[in-house]
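File shown here: upload-v4.txt, holding compact mmCIF, C-alpha atoms.
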```txt
# COMPACT_ATOMS: atom_id res chain seq x y z
CA MET A 167 23.37 27.05 4.13
CA SER A 168 19.81 27.51 5.28
CA GLU A 169 17.76 24.45 6.27
CA ALA A 170 15.02 25.62 3.96
CA VAL A 171 15.33 24.46 0.38
CA LYS A 172 13.53 26.05 -2.52
CA ASN A 173 11.49 23.90 -4.82
CA GLU A 174 8.96 24.61 -7.56
CA ARG A 175 6.09 24.89 -5.12
CA GLY A 176 7.73 26.99 -2.46
CA THR A 177 9.97 26.59 0.56
CA GLY A 178 10.52 23.25 2.20
CA SER A 179 11.70 22.70 5.74
CA LEU A 180 12.57 19.88 8.10
CA ALA A 181 9.54 20.63 10.29
CA LEU A 182 7.17 20.52 7.31
CA GLY A 183 8.76 17.27 6.14
CA ILE A 184 8.31 15.62 9.52
CA LEU A 185 4.75 16.95 9.88
CA ALA A 186 3.80 15.69 6.42
CA ALA A 187 5.40 12.30 7.10
CA ALA A 188 3.66 11.91 10.48
CA ALA A 189 0.30 12.94 9.02
CA GLY A 190 0.79 10.62 6.06
CA TRP A 191 1.59 7.73 8.36
CA ALA A 192 -1.44 8.33 10.60
CA VAL A 193 -3.87 8.68 7.68
CA PRO A 194 -2.64 7.59 4.24
CA GLY A 195 -2.63 10.59 1.91
CA LEU A 196 -3.01 13.20 4.66
CA GLY A 197 0.64 14.25 4.33
CA HIS A 198 0.14 15.02 0.65
CA LEU A 199 -3.12 16.80 1.46
CA LEU A 200 -1.22 19.13 3.82
CA LEU A 201 1.25 19.77 1.01
CA ARG A 202 -1.67 20.59 -1.32
CA GLN A 203 -1.10 17.62 -3.58
CA TRP A 204 -4.79 16.80 -3.90
CA GLY A 205 -4.57 14.15 -6.61
CA LYS A 206 -1.84 12.13 -4.93
CA ALA A 207 -3.57 12.44 -1.57
CA ALA A 208 -6.79 11.00 -2.99
CA VAL A 209 -5.05 8.17 -4.86
CA TYR A 210 -2.90 7.17 -1.88
CA PHE A 211 -5.84 7.25 0.52
CA LEU A 212 -8.00 5.15 -1.80
CA CYS A 213 -5.24 2.68 -2.69
CA VAL A 214 -3.68 2.17 0.75
CA GLY A 215 -7.01 2.45 2.57
CA GLY A 216 -8.72 0.19 0.06
CA LEU A 217 -6.02 -2.45 0.31
CA ALA A 218 -6.00 -2.32 4.12
CA CYS A 219 -9.80 -2.53 4.35
CA ALA A 220 -9.89 -5.33 1.77
CA GLY A 221 -7.27 -7.23 3.80
CA LEU A 222 -9.34 -6.86 6.95
CA ALA A 223 -12.60 -7.68 5.15
CA MET A 224 -10.98 -10.90 3.91
CA ARG A 225 -10.28 -11.63 7.57
CA GLY A 226 -6.54 -11.37 7.25
CA GLY A 227 -4.34 -11.58 10.32
CA VAL A 228 -2.87 -8.48 11.97
CA PHE A 229 0.48 -8.95 13.71
CA GLY A 230 0.56 -7.90 17.35
CA GLY A 231 3.15 -5.92 19.27
CA ASN A 232 4.77 -8.95 20.94
CA PRO A 233 6.38 -10.82 18.05
CA SER A 234 7.83 -14.26 18.74
CA ASP A 235 10.15 -14.59 15.74
CA MET A 236 11.68 -12.56 12.92
CA PHE A 237 8.74 -13.14 10.54
CA ASP A 238 6.34 -11.83 13.18
CA ARG A 239 8.58 -8.80 13.68
CA LEU A 240 8.65 -8.07 9.95
CA GLY A 241 4.89 -8.57 9.75
CA PHE A 242 4.33 -6.24 12.70
CA PHE A 243 6.56 -3.60 11.09
CA ALA A 244 4.70 -3.90 7.77
CA ASP A 245 1.26 -3.78 9.42
CA LEU A 246 2.26 -0.77 11.51
CA GLY A 247 2.79 1.13 8.26
CA THR A 248 -0.96 1.39 7.76
CA GLY A 249 -1.05 3.89 10.64
CA GLY A 250 -4.62 4.54 11.75
CA PHE A 251 -5.89 1.42 10.01
CA TYR A 252 -3.63 -0.72 12.24
CA PHE A 253 -5.15 0.71 15.41
CA LEU A 254 -8.69 0.50 13.99
CA ALA A 255 -8.24 -3.03 12.65
CA HIS A 256 -10.34 -4.67 15.36
CA THR A 257 -13.08 -2.06 14.91
CA ILE A 258 -13.18 -2.49 11.14
CA GLN A 259 -13.13 -6.31 11.36
CA ASN A 260 -14.51 -7.43 14.70
CA ALA A 261 -14.91 -11.07 13.62
CA GLY A 262 -11.14 -11.50 13.87
CA PRO A 263 -8.72 -13.21 11.49
CA ASP A 264 -9.47 -16.47 9.70
CA ILE A 265 -6.21 -17.57 8.13
CA ALA A 266 -7.36 -21.18 7.82
CA HIS A 267 -8.92 -20.17 4.49
CA ALA A 268 -7.08 -18.83 1.43
CA SER A 269 -8.93 -15.51 1.54
CA GLY A 270 -7.73 -14.88 5.09
CA ASP A 271 -4.17 -15.60 4.04
CA TYR A 272 -4.52 -13.19 1.11
CA GLY A 273 -5.97 -10.64 3.50
CA THR A 274 -2.90 -10.89 5.73
CA ARG A 275 -0.64 -10.14 2.75
CA MET A 276 -2.87 -7.33 1.52
CA PHE A 277 -2.85 -5.58 4.90
CA ALA A 278 0.95 -5.89 5.14
CA THR A 279 1.35 -4.61 1.57
CA ALA A 280 -0.86 -1.63 2.39
CA GLY A 281 1.53 -0.82 5.23
CA MET A 282 4.61 -1.06 3.05
CA LEU A 283 2.99 1.09 0.34
CA ASN A 284 2.12 3.66 2.96
CA PHE A 285 5.74 3.77 4.13
CA LEU A 286 6.71 4.68 0.55
CA THR A 287 4.10 7.45 0.41
CA VAL A 288 5.31 8.72 3.80
CA LEU A 289 8.87 8.93 2.48
CA GLU A 290 7.62 10.83 -0.56
CA ALA A 291 5.62 13.24 1.62
CA TYR A 292 8.76 13.83 3.72
CA GLU A 293 10.84 14.57 0.63
CA ILE A 294 8.22 16.95 -0.74
CA GLY A 295 7.96 18.66 2.64
CA ARG A 296 11.72 19.10 2.74
CA GLY A 297 11.56 20.70 -0.71
CA ARG A 298 13.68 18.04 -2.37
CA ARG A 299 10.92 16.75 -4.57
CA THR A 300 7.76 18.09 -6.16
CA MET B 221 -17.76 -5.30 2.61
CA THR B 222 -16.67 -8.54 4.27
CA ARG B 223 -19.12 -10.45 2.08
CA LEU B 224 -17.84 -8.71 -1.06
CA PHE B 225 -14.15 -9.36 -0.45
CA ALA B 226 -14.40 -12.76 1.22
CA GLY B 227 -16.23 -14.04 -1.85
CA LEU B 228 -13.51 -13.05 -4.31
CA THR B 229 -11.95 -15.76 -6.45
CA HIS B 230 -8.16 -16.13 -6.43
CA PHE B 231 -7.90 -14.28 -9.73
CA GLN B 232 -10.18 -11.45 -8.61
CA ALA B 233 -8.13 -10.98 -5.44
CA LEU B 234 -4.94 -10.95 -7.52
CA ALA B 235 -6.43 -8.46 -9.99
CA PHE B 236 -7.52 -6.12 -7.17
CA PHE B 237 -4.08 -6.33 -5.56
CA ALA B 238 -2.35 -5.67 -8.90
CA LEU B 239 -4.65 -2.73 -9.68
CA VAL B 240 -4.04 -0.97 -6.38
CA VAL B 241 -0.28 -1.56 -6.22
CA SER B 242 0.22 -0.54 -9.87
CA ALA B 243 -1.71 2.71 -9.35
CA THR B 244 0.32 3.60 -6.24
CA PHE B 245 3.64 2.83 -7.95
CA ALA B 246 2.60 4.88 -10.99
CA PHE B 247 1.92 7.94 -8.84
CA LEU B 248 5.07 7.43 -6.75
CA SER B 249 7.48 7.00 -9.62
CA LYS B 250 6.14 8.97 -12.60
CA ARG B 251 5.05 12.51 -13.32
CA GLY B 252 2.41 13.54 -15.81
CA ALA B 253 -0.84 11.78 -16.61
CA MET B 254 0.38 10.06 -19.77
CA GLU B 255 3.55 8.65 -18.20
CA ARG B 256 1.56 7.43 -15.20
CA ALA B 257 -1.08 5.80 -17.39
CA LYS B 258 1.60 3.96 -19.39
CA TYR B 259 3.43 2.80 -16.27
CA PHE B 260 0.16 1.74 -14.65
CA ALA B 261 -0.84 -0.32 -17.68
CA TRP B 262 2.55 -2.03 -17.94
CA ALA B 263 2.81 -2.77 -14.24
CA LEU B 264 -0.74 -4.15 -14.14
CA LEU B 265 -0.11 -6.34 -17.16
CA ALA B 266 3.22 -7.56 -15.75
CA PHE B 267 1.61 -8.42 -12.39
CA LEU B 268 -1.13 -10.44 -14.07
CA LEU B 269 1.09 -12.19 -16.62
CA VAL B 270 3.80 -13.13 -14.13
CA ALA B 271 1.23 -14.43 -11.63
CA ILE B 272 -0.56 -16.49 -14.27
CA GLY B 273 2.81 -17.74 -15.59
CA ILE B 274 3.95 -18.83 -12.13
CA GLY B 275 0.55 -20.45 -11.62
CA TRP B 276 1.02 -22.50 -14.78
CA LEU B 277 4.56 -23.49 -13.75
CA MET B 278 3.33 -24.68 -10.35
CA TYR B 279 0.32 -26.55 -11.73
CA PRO B 280 2.13 -29.94 -12.21
CA PHE B 281 3.15 -29.90 -8.53
CA SER B 282 -0.38 -29.31 -7.27
CA ARG B 283 -1.44 -32.95 -7.70
```
Could you render the structure from this file as structure tokens?
Amino acid sequence: MSEAVKNERGTGSLALGILAAAAGWAVPGLGHLLLRQWGKAAVYFLCVGGLACAGLAMRGGVFGGNPSDMFDRLGFFADLGTGGFYFLAHTIQNAGPDIAHASGDYGTRMFATAGMLNFLTVLEAYEIGRGRRT
Amino acid sequence: MTRLFAGLTHFQALAFFALVVSATFAFLSKRGAMERAKYFAWALLAFLLVAIGIGWLMYPFSR
């Protein structure tokens, strides 16, 4: 059986799935934009980007790449899901985290949630790219 | 932007979080505008009600 699978919008392929997933991870919504799903692309960019920026604006903490325990590892994994926003975190919020206040703690959770939401959108972009979903 | 979000009350932060997550879930899990709107409204309401309910339950322990 061919790798390509037919769906309502056309032919899907493994390469297109991986490309859409990678693009969607780097910039939330970009994977859907490549797949010509304009509405979803806009909503995902605004929601994930908005949540990530709100988290940083509230001076939430961003987990680094050298985690000391399991919670740090999970936090790092979740934060990494925001893709470009993770690497631009210090540019967007150069004052650094302030988790001594409630808003900073909320910001930490918001940024991690943005990452987890983006992982879900990446999986969807992959499935659409493969032709398994429309 | 920092000033706008850092000044949010607890409820405003919760409402913003609920709004964004509900919208994303609606687009991920439902097709069609009507179905998405219904799911969005229910998810948003559930987020707010559950959070307020848990807040009330925890209130006696806050003193």
Next item on the list: Compile the contact shell of Gly226 (chain A) as a ChimeraX atom specification: residues with an atom at most 8 Å away, counting only C-alpha atoms, same-chain residues fewer than 6 positions apart removed.
Entry: /A:263-265,269-277
Residues of chain A within 6 Å of chain B, counting all atoms listed in the file - could you list those as a VMD selection string?
chain A and resid 213 223 to 224
Among A:Tyr292, A:Trp204, A:Trp191, A:Phe237, Tyr252 (chain A) is approached most closely, using all atoms listed in the file, by A:Trp191
re CA of Gly183 (chain A) and CA of Asn284 (chain A): distance 15.5 Å
In file coordinates, which residues lie within 12 Å of (0.5, 15.2, 8.9) using all atoms listed in the file, given as a PDB file with C-alpha atoms, in the frame of the given file?
```
ATOM      1  CA  ALA A 181       9.540  20.630  10.290  1.00  0.00           C
ATOM      2  CA  LEU A 182       7.170  20.520   7.310  1.00  0.00           C
ATOM      3  CA  GLY A 183       8.760  17.270   6.140  1.00  0.00           C
ATOM      4  CA  ILE A 184       8.310  15.620   9.520  1.00  0.00           C
ATOM      5  CA  LEU A 185       4.750  16.950   9.880  1.00  0.00           C
ATOM      6  CA  ALA A 186       3.800  15.690   6.420  1.00  0.00           C
ATOM      7  CA  ALA A 187       5.400  12.300   7.100  1.00  0.00           C
ATOM      8  CA  ALA A 188       3.660  11.910  10.480  1.00  0.00           C
ATOM      9  CA  ALA A 189       0.300  12.940   9.020  1.00  0.00           C
ATOM     10  CA  GLY A 190       0.790  10.620   6.060  1.00  0.00           C
ATOM     11  CA  TRP A 191       1.590   7.730   8.360  1.00  0.00           C
ATOM     12  CA  ALA A 192      -1.440   8.330  10.600  1.00  0.00           C
ATOM     13  CA  VAL A 193      -3.870   8.680   7.680  1.00  0.00           C
ATOM     14  CA  PRO A 194      -2.640   7.590   4.240  1.00  0.00           C
ATOM     15  CA  GLY A 195      -2.630  10.590   1.910  1.00  0.00           C
ATOM     16  CA  LEU A 196      -3.010  13.200   4.660  1.00  0.00           C
ATOM     17  CA  GLY A 197       0.640  14.250   4.330  1.00  0.00           C
ATOM     18  CA  HIS A 198       0.140  15.020   0.650  1.00  0.00           C
ATOM     19  CA  LEU A 199      -3.120  16.800   1.460  1.00  0.00           C
ATOM     20  CA  LEU A 200      -1.220  19.130   3.820  1.00  0.00           C
ATOM     21  CA  LEU A 201       1.250  19.770   1.010  1.00  0.00           C
ATOM     22  CA  ARG A 202      -1.670  20.590  -1.320  1.00  0.00           C
ATOM     23  CA  ALA A 207      -3.570  12.440  -1.570  1.00  0.00           C
ATOM     24  CA  GLY A 249      -1.050   3.890  10.640  1.00  0.00           C
ATOM     25  CA  VAL A 288       5.310   8.720   3.800  1.00  0.00           C
ATOM     26  CA  ALA A 291       5.620  13.240   1.620  1.00  0.00           C
ATOM     27  CA  TYR A 292       8.760  13.830   3.720  1.00  0.00           C
ATOM     28  CA  GLY A 295       7.960  18.660   2.640  1.00  0.00           C
TER      29      GLY A 295
END
```
| said: Report, in Å to a single decimal, how far apart CA of Tyr259 (chain B) and CA of Lys206 (chain A) are. | reply: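 CA of Lys206 (chain A) sits 15.6 Å away from CA of Tyr259 (chain B).
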Q: Tell me, as a list of chain:residue names, which residues lie within 8 Å of Ala238 (chain B), counting all atoms listed in the file; anything in the same chain fewer than 6 positions away does not count.
A: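 Listing them by chain and then by number gives B:Ala263, B:Leu264, B:Phe267, B:Leu268.
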Residue with the minimum atom-to-atom distance to Thr257 (chain A), picked from A:Ala280, A:Ala244, A:Cys219, A:Met236 with all atoms listed in the file counted, is A:Cys219
* Counting only C-alpha atoms, figure out which residue out of A:Leu254, A:Ala268, A:Leu283, A:Leu246 gets nearest to Leu212 (chain A). =>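 Comparing A:Leu254, A:Ala268, A:Leu283, A:Leu246 against Leu212 (chain A), the winner is A:Leu283.
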Subject >> CA of Thr248 (chain A) to CA of Val214 (chain A), straight-line distance in Å >> reply: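 Pair CA of Val214 (chain A) / CA of Thr248 (chain A) returns 7.6 Å.
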Practice problem: Between A:Thr279, A:Gly241, A:Ser234, A:Gly227, single out the one closest to Ala261 (chain A), counting only C-alpha atoms. | Solution: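 Smallest separation from Ala261 (chain A) among the options: A:Gly227.
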